[in-house]
>>> print(open('work.cif').read())   # mmCIF, N, CA and C atoms; chains and numbers go by the auth columns
data_final
loop_
_atom_site.group_PDB
_atom_site.id
_atom_site.type_symbol
_atom_site.label_atom_id
_atom_site.label_comp_id
_atom_site.label_asym_id
_atom_site.label_seq_id
_atom_site.Cartn_x
_atom_site.Cartn_y
_atom_site.Cartn_z
_atom_site.B_iso_or_equiv
_atom_site.auth_seq_id
_atom_site.auth_asym_id
ATOM 1 N N MET A 1 10.992 107.769 -102.202 0.00 66 A
ATOM 2 C CA MET A 1 9.700 108.282 -101.758 0.00 66 A
ATOM 3 C C MET A 1 8.657 107.157 -101.701 0.00 66 A
ATOM 4 N N LEU A 2 8.742 106.244 -102.661 0.00 67 A
ATOM 5 C CA LEU A 2 7.802 105.126 -102.681 0.00 67 A
ATOM 6 C C LEU A 2 8.044 104.193 -101.501 0.00 67 A
ATOM 7 N N LYS A 3 9.321 104.024 -101.121 0.00 68 A
ATOM 8 C CA LYS A 3 9.630 103.185 -99.953 0.00 68 A
ATOM 9 C C LYS A 3 9.065 103.798 -98.681 0.00 68 A
ATOM 10 N N LEU A 4 9.166 105.128 -98.572 0.00 69 A
ATOM 11 C CA LEU A 4 8.621 105.818 -97.398 0.00 69 A
ATOM 12 C C LEU A 4 7.112 105.642 -97.327 0.00 69 A
ATOM 13 N N ALA A 5 6.443 105.735 -98.466 0.00 70 A
ATOM 14 C CA ALA A 5 4.993 105.547 -98.501 0.00 70 A
ATOM 15 C C ALA A 5 4.626 104.112 -98.112 0.00 70 A
ATOM 16 N N ALA A 6 5.408 103.140 -98.567 0.00 71 A
ATOM 17 C CA ALA A 6 5.132 101.743 -98.221 0.00 71 A
ATOM 18 C C ALA A 6 5.347 101.510 -96.731 0.00 71 A
ATOM 19 N N ILE A 7 6.403 102.083 -96.174 0.00 72 A
ATOM 20 C CA ILE A 7 6.666 101.940 -94.736 0.00 72 A
ATOM 21 C C ILE A 7 5.542 102.564 -93.924 0.00 72 A
ATOM 22 N N LEU A 8 5.093 103.744 -94.322 0.00 73 A
ATOM 23 C CA LEU A 8 4.005 104.407 -93.608 0.00 73 A
ATOM 24 C C LEU A 8 2.695 103.625 -93.734 0.00 73 A
ATOM 25 N N LEU A 9 2.474 103.004 -94.887 0.00 74 A
ATOM 26 C CA LEU A 9 1.277 102.183 -95.068 0.00 74 A
ATOM 27 C C LEU A 9 1.317 100.971 -94.137 0.00 74 A
ATOM 28 N N VAL A 10 2.461 100.315 -94.049 0.00 75 A
ATOM 29 C CA VAL A 10 2.598 99.167 -93.163 0.00 75 A
ATOM 30 C C VAL A 10 2.405 99.598 -91.712 0.00 75 A
ATOM 31 N N LEU A 11 2.995 100.722 -91.325 0.00 76 A
ATOM 32 C CA LEU A 11 2.833 101.220 -89.958 0.00 76 A
ATOM 33 C C LEU A 11 1.374 101.547 -89.662 0.00 76 A
ATOM 34 N N MET A 12 0.684 102.134 -90.636 0.00 77 A
ATOM 35 C CA MET A 12 -0.725 102.466 -90.442 0.00 77 A
ATOM 36 C C MET A 12 -1.547 101.197 -90.226 0.00 77 A
ATOM 37 N N ILE A 13 -1.275 100.157 -90.999 0.00 78 A
ATOM 38 C CA ILE A 13 -2.006 98.897 -90.844 0.00 78 A
ATOM 39 C C ILE A 13 -1.706 98.273 -89.488 0.00 78 A
ATOM 40 N N VAL A 14 -0.422 98.265 -89.083 0.00 79 A
ATOM 41 C CA VAL A 14 -0.035 97.674 -87.799 0.00 79 A
ATOM 42 C C VAL A 14 -0.692 98.417 -86.646 0.00 79 A
ATOM 43 N N PHE A 15 -0.654 99.744 -86.678 0.00 80 A
ATOM 44 C CA PHE A 15 -1.263 100.516 -85.591 0.00 80 A
ATOM 45 C C PHE A 15 -2.777 100.387 -85.594 0.00 80 A
ATOM 46 N N GLY A 16 -3.386 100.214 -86.751 0.00 81 A
ATOM 47 C CA GLY A 16 -4.826 99.976 -86.818 0.00 81 A
ATOM 48 C C GLY A 16 -5.205 98.652 -86.162 0.00 81 A
ATOM 49 N N VAL A 17 -4.420 97.620 -86.437 0.00 82 A
ATOM 50 C CA VAL A 17 -4.679 96.319 -85.825 0.00 82 A
ATOM 51 C C VAL A 17 -4.461 96.398 -84.321 0.00 82 A
ATOM 52 N N LEU A 18 -3.393 97.064 -83.889 0.00 83 A
ATOM 53 C CA LEU A 18 -3.131 97.203 -82.454 0.00 83 A
ATOM 54 C C LEU A 18 -4.245 97.981 -81.761 0.00 83 A
ATOM 55 N N GLY A 19 -4.743 99.009 -82.408 0.00 84 A
ATOM 56 C CA GLY A 19 -5.848 99.777 -81.839 0.00 84 A
ATOM 57 C C GLY A 19 -7.090 98.927 -81.684 0.00 84 A
ATOM 58 N N PHE A 20 -7.352 98.066 -82.676 0.00 85 A
ATOM 59 C CA PHE A 20 -8.504 97.159 -82.588 0.00 85 A
ATOM 60 C C PHE A 20 -8.326 96.174 -81.441 0.00 85 A
ATOM 61 N N VAL A 21 -7.110 95.646 -81.286 0.00 86 A
ATOM 62 C CA VAL A 21 -6.842 94.687 -80.203 0.00 86 A
ATOM 63 C C VAL A 21 -7.028 95.350 -78.846 0.00 86 A
ATOM 64 N N VAL A 22 -6.570 96.593 -78.718 0.00 87 A
ATOM 65 C CA VAL A 22 -6.722 97.314 -77.448 0.00 87 A
ATOM 66 C C VAL A 22 -8.198 97.575 -77.156 0.00 87 A
ATOM 67 N N ASP A 23 -8.963 97.949 -78.182 0.00 88 A
ATOM 68 C CA ASP A 23 -10.408 98.153 -77.986 0.00 88 A
ATOM 69 C C ASP A 23 -11.097 96.860 -77.580 0.00 88 A
ATOM 70 N N LEU A 24 -10.707 95.767 -78.207 0.00 89 A
ATOM 71 C CA LEU A 24 -11.292 94.464 -77.876 0.00 89 A
ATOM 72 C C LEU A 24 -10.945 94.069 -76.445 0.00 89 A
ATOM 73 N N ALA A 25 -9.695 94.295 -76.050 0.00 90 A
ATOM 74 C CA ALA A 25 -9.282 93.959 -74.679 0.00 90 A
ATOM 75 C C ALA A 25 -10.040 94.817 -73.668 0.00 90 A
ATOM 76 N N GLY A 26 -10.251 96.089 -73.981 0.00 91 A
ATOM 77 C CA GLY A 26 -11.013 96.961 -73.093 0.00 91 A
ATOM 78 C C GLY A 26 -12.451 96.498 -72.947 0.00 91 A
ATOM 79 N N ALA A 27 -13.055 96.075 -74.041 0.00 92 A
ATOM 80 C CA ALA A 27 -14.431 95.584 -73.984 0.00 92 A
ATOM 81 C C ALA A 27 -14.517 94.302 -73.158 0.00 92 A
ATOM 82 N N LEU A 28 -13.554 93.400 -73.356 0.00 93 A
ATOM 83 C CA LEU A 28 -13.554 92.157 -72.579 0.00 93 A
ATOM 84 C C LEU A 28 -13.339 92.435 -71.096 0.00 93 A
ATOM 85 N N ALA A 29 -12.484 93.397 -70.781 0.00 94 A
ATOM 86 C CA ALA A 29 -12.248 93.743 -69.377 0.00 94 A
ATOM 87 C C ALA A 29 -13.509 94.339 -68.755 0.00 94 A
ATOM 88 N N ARG A 30 -14.220 95.149 -69.519 0.00 95 A
ATOM 89 C CA ARG A 30 -15.459 95.737 -69.012 0.00 95 A
ATOM 90 C C ARG A 30 -16.500 94.652 -68.752 0.00 95 A
ATOM 91 N N ILE A 31 -16.622 93.698 -69.666 0.00 96 A
ATOM 92 C CA ILE A 31 -17.573 92.601 -69.486 0.00 96 A
ATOM 93 C C ILE A 31 -17.190 91.764 -68.269 0.00 96 A
ATOM 94 N N ALA A 32 -15.899 91.462 -68.123 0.00 97 A
ATOM 95 C CA ALA A 32 -15.444 90.665 -66.977 0.00 97 A
ATOM 96 C C ALA A 32 -15.697 91.407 -65.669 0.00 97 A
ATOM 97 N N PHE A 33 -15.516 92.721 -65.673 0.00 98 A
ATOM 98 C CA PHE A 33 -15.770 93.514 -64.469 0.00 98 A
ATOM 99 C C PHE A 33 -17.229 93.396 -64.039 0.00 98 A
ATOM 100 N N PHE A 34 -18.160 93.523 -64.990 0.00 99 A
ATOM 101 C CA PHE A 34 -19.570 93.460 -64.631 0.00 99 A
ATOM 102 C C PHE A 34 -19.978 92.051 -64.207 0.00 99 A
ATOM 103 N N VAL A 35 -19.376 91.032 -64.828 0.00 100 A
ATOM 104 C CA VAL A 35 -19.668 89.663 -64.410 0.00 100 A
ATOM 105 C C VAL A 35 -19.211 89.447 -62.966 0.00 100 A
ATOM 106 N N CYS A 36 -18.001 89.932 -62.641 0.00 101 A
ATOM 107 C CA CYS A 36 -17.499 89.798 -61.270 0.00 101 A
ATOM 108 C C CYS A 36 -18.335 90.618 -60.291 0.00 101 A
ATOM 109 N N LEU A 37 -18.816 91.785 -60.723 0.00 102 A
ATOM 110 C CA LEU A 37 -19.645 92.618 -59.861 0.00 102 A
ATOM 111 C C LEU A 37 -20.969 91.917 -59.541 0.00 102 A
ATOM 112 N N VAL A 38 -21.576 91.292 -60.548 0.00 103 A
ATOM 113 C CA VAL A 38 -22.819 90.555 -60.324 0.00 103 A
ATOM 114 C C VAL A 38 -22.554 89.359 -59.418 0.00 103 A
ATOM 115 N N GLY A 39 -21.433 88.667 -59.612 0.00 104 A
ATOM 116 C CA GLY A 39 -21.082 87.546 -58.753 0.00 104 A
ATOM 117 C C GLY A 39 -20.893 87.970 -57.307 0.00 104 A
ATOM 118 N N LEU A 40 -20.253 89.107 -57.101 0.00 105 A
ATOM 119 C CA LEU A 40 -20.067 89.630 -55.746 0.00 105 A
ATOM 120 C C LEU A 40 -21.410 89.964 -55.102 0.00 105 A
ATOM 121 N N ALA A 41 -22.280 90.609 -55.862 0.00 106 A
ATOM 122 C CA ALA A 41 -23.596 90.959 -55.324 0.00 106 A
ATOM 123 C C ALA A 41 -24.386 89.709 -54.949 0.00 106 A
ATOM 124 N N LEU A 42 -24.358 88.703 -55.813 0.00 107 A
ATOM 125 C CA LEU A 42 -25.079 87.460 -55.501 0.00 107 A
ATOM 126 C C LEU A 42 -24.480 86.770 -54.285 0.00 107 A
ATOM 127 N N SER A 43 -23.176 86.820 -54.152 0.00 108 A
ATOM 128 C CA SER A 43 -22.515 86.206 -52.998 0.00 108 A
ATOM 129 C C SER A 43 -22.911 86.916 -51.705 0.00 108 A
ATOM 130 N N LEU A 44 -22.930 88.237 -51.749 0.00 109 A
ATOM 131 C CA LEU A 44 -23.308 88.992 -50.551 0.00 109 A
ATOM 132 C C LEU A 44 -24.780 88.770 -50.189 0.00 109 A
ATOM 133 N N VAL A 45 -25.643 88.703 -51.189 0.00 110 A
ATOM 134 C CA VAL A 45 -27.058 88.434 -50.924 0.00 110 A
ATOM 135 C C VAL A 45 -27.219 87.041 -50.338 0.00 110 A
ATOM 136 N N GLY A 46 -26.479 86.076 -50.869 0.00 111 A
ATOM 137 C CA GLY A 46 -26.560 84.724 -50.348 0.00 111 A
ATOM 138 C C GLY A 46 -26.111 84.649 -48.903 0.00 111 A
ATOM 139 N N LYS A 47 -25.039 85.353 -48.567 0.00 112 A
ATOM 140 C CA LYS A 47 -24.567 85.365 -47.173 0.00 112 A
ATOM 141 C C LYS A 47 -25.570 86.030 -46.265 0.00 112 A
ATOM 142 N N ALA A 48 -26.193 87.118 -46.728 0.00 113 A
ATOM 143 C CA ALA A 48 -27.163 87.832 -45.900 0.00 113 A
ATOM 144 C C ALA A 48 -28.405 86.973 -45.666 0.00 113 A
ATOM 145 N N LEU A 49 -28.828 86.214 -46.648 0.00 114 A
ATOM 146 C CA LEU A 49 -30.015 85.389 -46.479 0.00 114 A
ATOM 147 C C LEU A 49 -29.738 84.173 -45.595 0.00 114 A
ATOM 148 N N ARG A 50 -28.527 83.655 -45.629 0.00 115 A
ATOM 149 C CA ARG A 50 -28.210 82.477 -44.811 0.00 115 A
ATOM 150 C C ARG A 50 -28.069 82.832 -43.337 0.00 115 A
ATOM 151 N N ARG A 51 -27.775 84.054 -43.013 0.00 116 A
ATOM 152 C CA ARG A 51 -27.628 84.454 -41.598 0.00 116 A
ATOM 153 C C ARG A 51 -28.963 84.433 -40.874 0.00 116 A
ATOM 154 N N ASP A 52 -30.036 84.742 -41.610 0.00 117 A
ATOM 155 C CA ASP A 52 -31.362 84.793 -40.984 0.00 117 A
ATOM 156 C C ASP A 52 -31.865 83.413 -40.729 0.00 117 A
#
>>> encode(input="work.cif", output="structure tokens")
Amino acid sequence: MLKLAAILLVLMIVFGVLGFVVDLAGALARIAFFVCLVGLALSLVGKALRRD
């Protein structure tokens, strides 16, 4: 029974770390998306201003 509790404790720690990594990756992806969106907007504005 003690071995089962130790295994479950290790699994809980591993899944907690994996959950944190997934949350961190999601946050980084969201930040990268907005950076690329701002870059696209600036690029389009620059092209529109150069045509005139």
>>> atom_distance(input="work.cif", atom1="atom CA of A:Gly111", atom2="atom N of A:Ile96")
23.5 Å
>>> atom_distance(input="work.cif", atom1="atom N of A:Ala71", atom2="atom N of A:Val87")
24.1 Å
>>> atom_distance(input="work.cif", atom1="atom CA of A:Val82", atom2="atom CA of A:Leu69")
20.0 Å
>>> decode(input="work.cif", residues="stretch 95-109 of chain A", atoms="all heavy atoms", output="compact mmCIF listing (two decimals), in the first residue's frame")
# COMPACT_ATOMS: atom_id res chain seq x y z
N ARG A 95 0.63 32.46 -27.02
CA ARG A 95 -0.28 33.61 -27.08
C ARG A 95 0.51 34.90 -27.26
O ARG A 95 0.13 35.76 -28.07
CB ARG A 95 -1.10 33.65 -25.79
CG ARG A 95 -2.27 34.62 -25.85
CD ARG A 95 -3.14 34.51 -24.62
NE ARG A 95 -3.69 33.17 -24.50
CZ ARG A 95 -3.61 32.42 -23.40
NH1 ARG A 95 -2.99 32.87 -22.34
NH2 ARG A 95 -4.13 31.21 -23.38
N ILE A 96 1.61 35.05 -26.54
CA ILE A 96 2.44 36.24 -26.68
C ILE A 96 3.03 36.33 -28.08
O ILE A 96 3.01 37.39 -28.72
CB ILE A 96 3.56 36.23 -25.62
CG1 ILE A 96 2.96 36.46 -24.23
CG2 ILE A 96 4.61 37.29 -25.91
CD1 ILE A 96 3.92 36.21 -23.09
N ALA A 97 3.51 35.20 -28.60
CA ALA A 97 4.09 35.19 -29.96
C ALA A 97 3.03 35.53 -31.00
O ALA A 97 3.32 36.23 -31.98
CB ALA A 97 4.69 33.82 -30.25
N PHE A 98 1.81 35.05 -30.79
CA PHE A 98 0.72 35.36 -31.73
C PHE A 98 0.47 36.86 -31.79
O PHE A 98 0.35 37.44 -32.88
CB PHE A 98 -0.55 34.62 -31.31
CG PHE A 98 -1.77 35.04 -32.08
CD1 PHE A 98 -1.95 34.64 -33.38
CD2 PHE A 98 -2.72 35.86 -31.49
CE1 PHE A 98 -3.07 35.04 -34.10
CE2 PHE A 98 -3.84 36.26 -32.18
CZ PHE A 98 -4.01 35.84 -33.50
N PHE A 99 0.40 37.52 -30.63
CA PHE A 99 0.12 38.95 -30.62
C PHE A 99 1.29 39.75 -31.18
O PHE A 99 1.09 40.76 -31.86
CB PHE A 99 -0.26 39.42 -29.21
CG PHE A 99 -1.67 39.07 -28.84
CD1 PHE A 99 -1.94 38.16 -27.84
CD2 PHE A 99 -2.73 39.62 -29.54
CE1 PHE A 99 -3.23 37.82 -27.51
CE2 PHE A 99 -4.04 39.29 -29.22
CZ PHE A 99 -4.29 38.38 -28.20
N VAL A 100 2.52 39.29 -30.94
CA VAL A 100 3.68 39.97 -31.51
C VAL A 100 3.63 39.88 -33.04
O VAL A 100 3.85 40.87 -33.75
CB VAL A 100 4.98 39.37 -30.96
CG1 VAL A 100 6.18 39.82 -31.77
CG2 VAL A 100 5.16 39.76 -29.50
N CYS A 101 3.31 38.69 -33.56
CA CYS A 101 3.20 38.53 -35.02
C CYS A 101 2.04 39.33 -35.58
O CYS A 101 2.14 39.88 -36.69
CB CYS A 101 3.03 37.05 -35.37
SG CYS A 101 4.51 36.08 -35.06
N LEU A 102 0.94 39.43 -34.84
CA LEU A 102 -0.21 40.20 -35.29
C LEU A 102 0.14 41.69 -35.39
O LEU A 102 -0.20 42.36 -36.37
CB LEU A 102 -1.37 40.00 -34.32
CG LEU A 102 -2.76 40.38 -34.79
CD1 LEU A 102 -3.16 39.53 -35.98
CD2 LEU A 102 -3.76 40.20 -33.67
N VAL A 103 0.87 42.21 -34.40
CA VAL A 103 1.29 43.60 -34.43
C VAL A 103 2.27 43.82 -35.58
O VAL A 103 2.19 44.83 -36.30
CB VAL A 103 1.92 44.00 -33.07
CG1 VAL A 103 2.64 45.34 -33.17
CG2 VAL A 103 0.85 44.05 -32.00
N GLY A 104 3.18 42.87 -35.81
CA GLY A 104 4.11 42.98 -36.92
C GLY A 104 3.40 43.00 -38.26
O GLY A 104 3.77 43.76 -39.16
N LEU A 105 2.38 42.17 -38.41
CA LEU A 105 1.60 42.15 -39.65
C LEU A 105 0.89 43.48 -39.86
O LEU A 105 0.88 44.03 -40.97
CB LEU A 105 0.58 41.01 -39.61
CG LEU A 105 -0.39 40.94 -40.79
CD1 LEU A 105 0.36 40.59 -42.06
CD2 LEU A 105 -1.48 39.93 -40.52
N ALA A 106 0.29 44.00 -38.80
CA ALA A 106 -0.41 45.28 -38.91
C ALA A 106 0.55 46.40 -39.30
O ALA A 106 0.24 47.22 -40.18
CB ALA A 106 -1.10 45.61 -37.59
N LEU A 107 1.72 46.43 -38.67
CA LEU A 107 2.70 47.47 -39.02
C LEU A 107 3.19 47.31 -40.45
O LEU A 107 3.38 48.30 -41.16
CB LEU A 107 3.89 47.41 -38.05
CG LEU A 107 3.60 47.85 -36.62
CD1 LEU A 107 4.83 47.65 -35.75
CD2 LEU A 107 3.16 49.29 -36.59
N SER A 108 3.34 46.09 -40.90
CA SER A 108 3.78 45.84 -42.27
C SER A 108 2.73 46.32 -43.27
O SER A 108 3.05 46.97 -44.27
CB SER A 108 4.04 44.35 -42.46
OG SER A 108 4.29 44.06 -43.81
N LEU A 109 1.47 46.02 -42.98
CA LEU A 109 0.40 46.46 -43.88
C LEU A 109 0.26 47.98 -43.89
O LEU A 109 0.04 48.57 -44.95
CB LEU A 109 -0.92 45.80 -43.47
CG LEU A 109 -1.01 44.29 -43.70
CD1 LEU A 109 -2.32 43.75 -43.17
CD2 LEU A 109 -0.84 43.96 -45.18
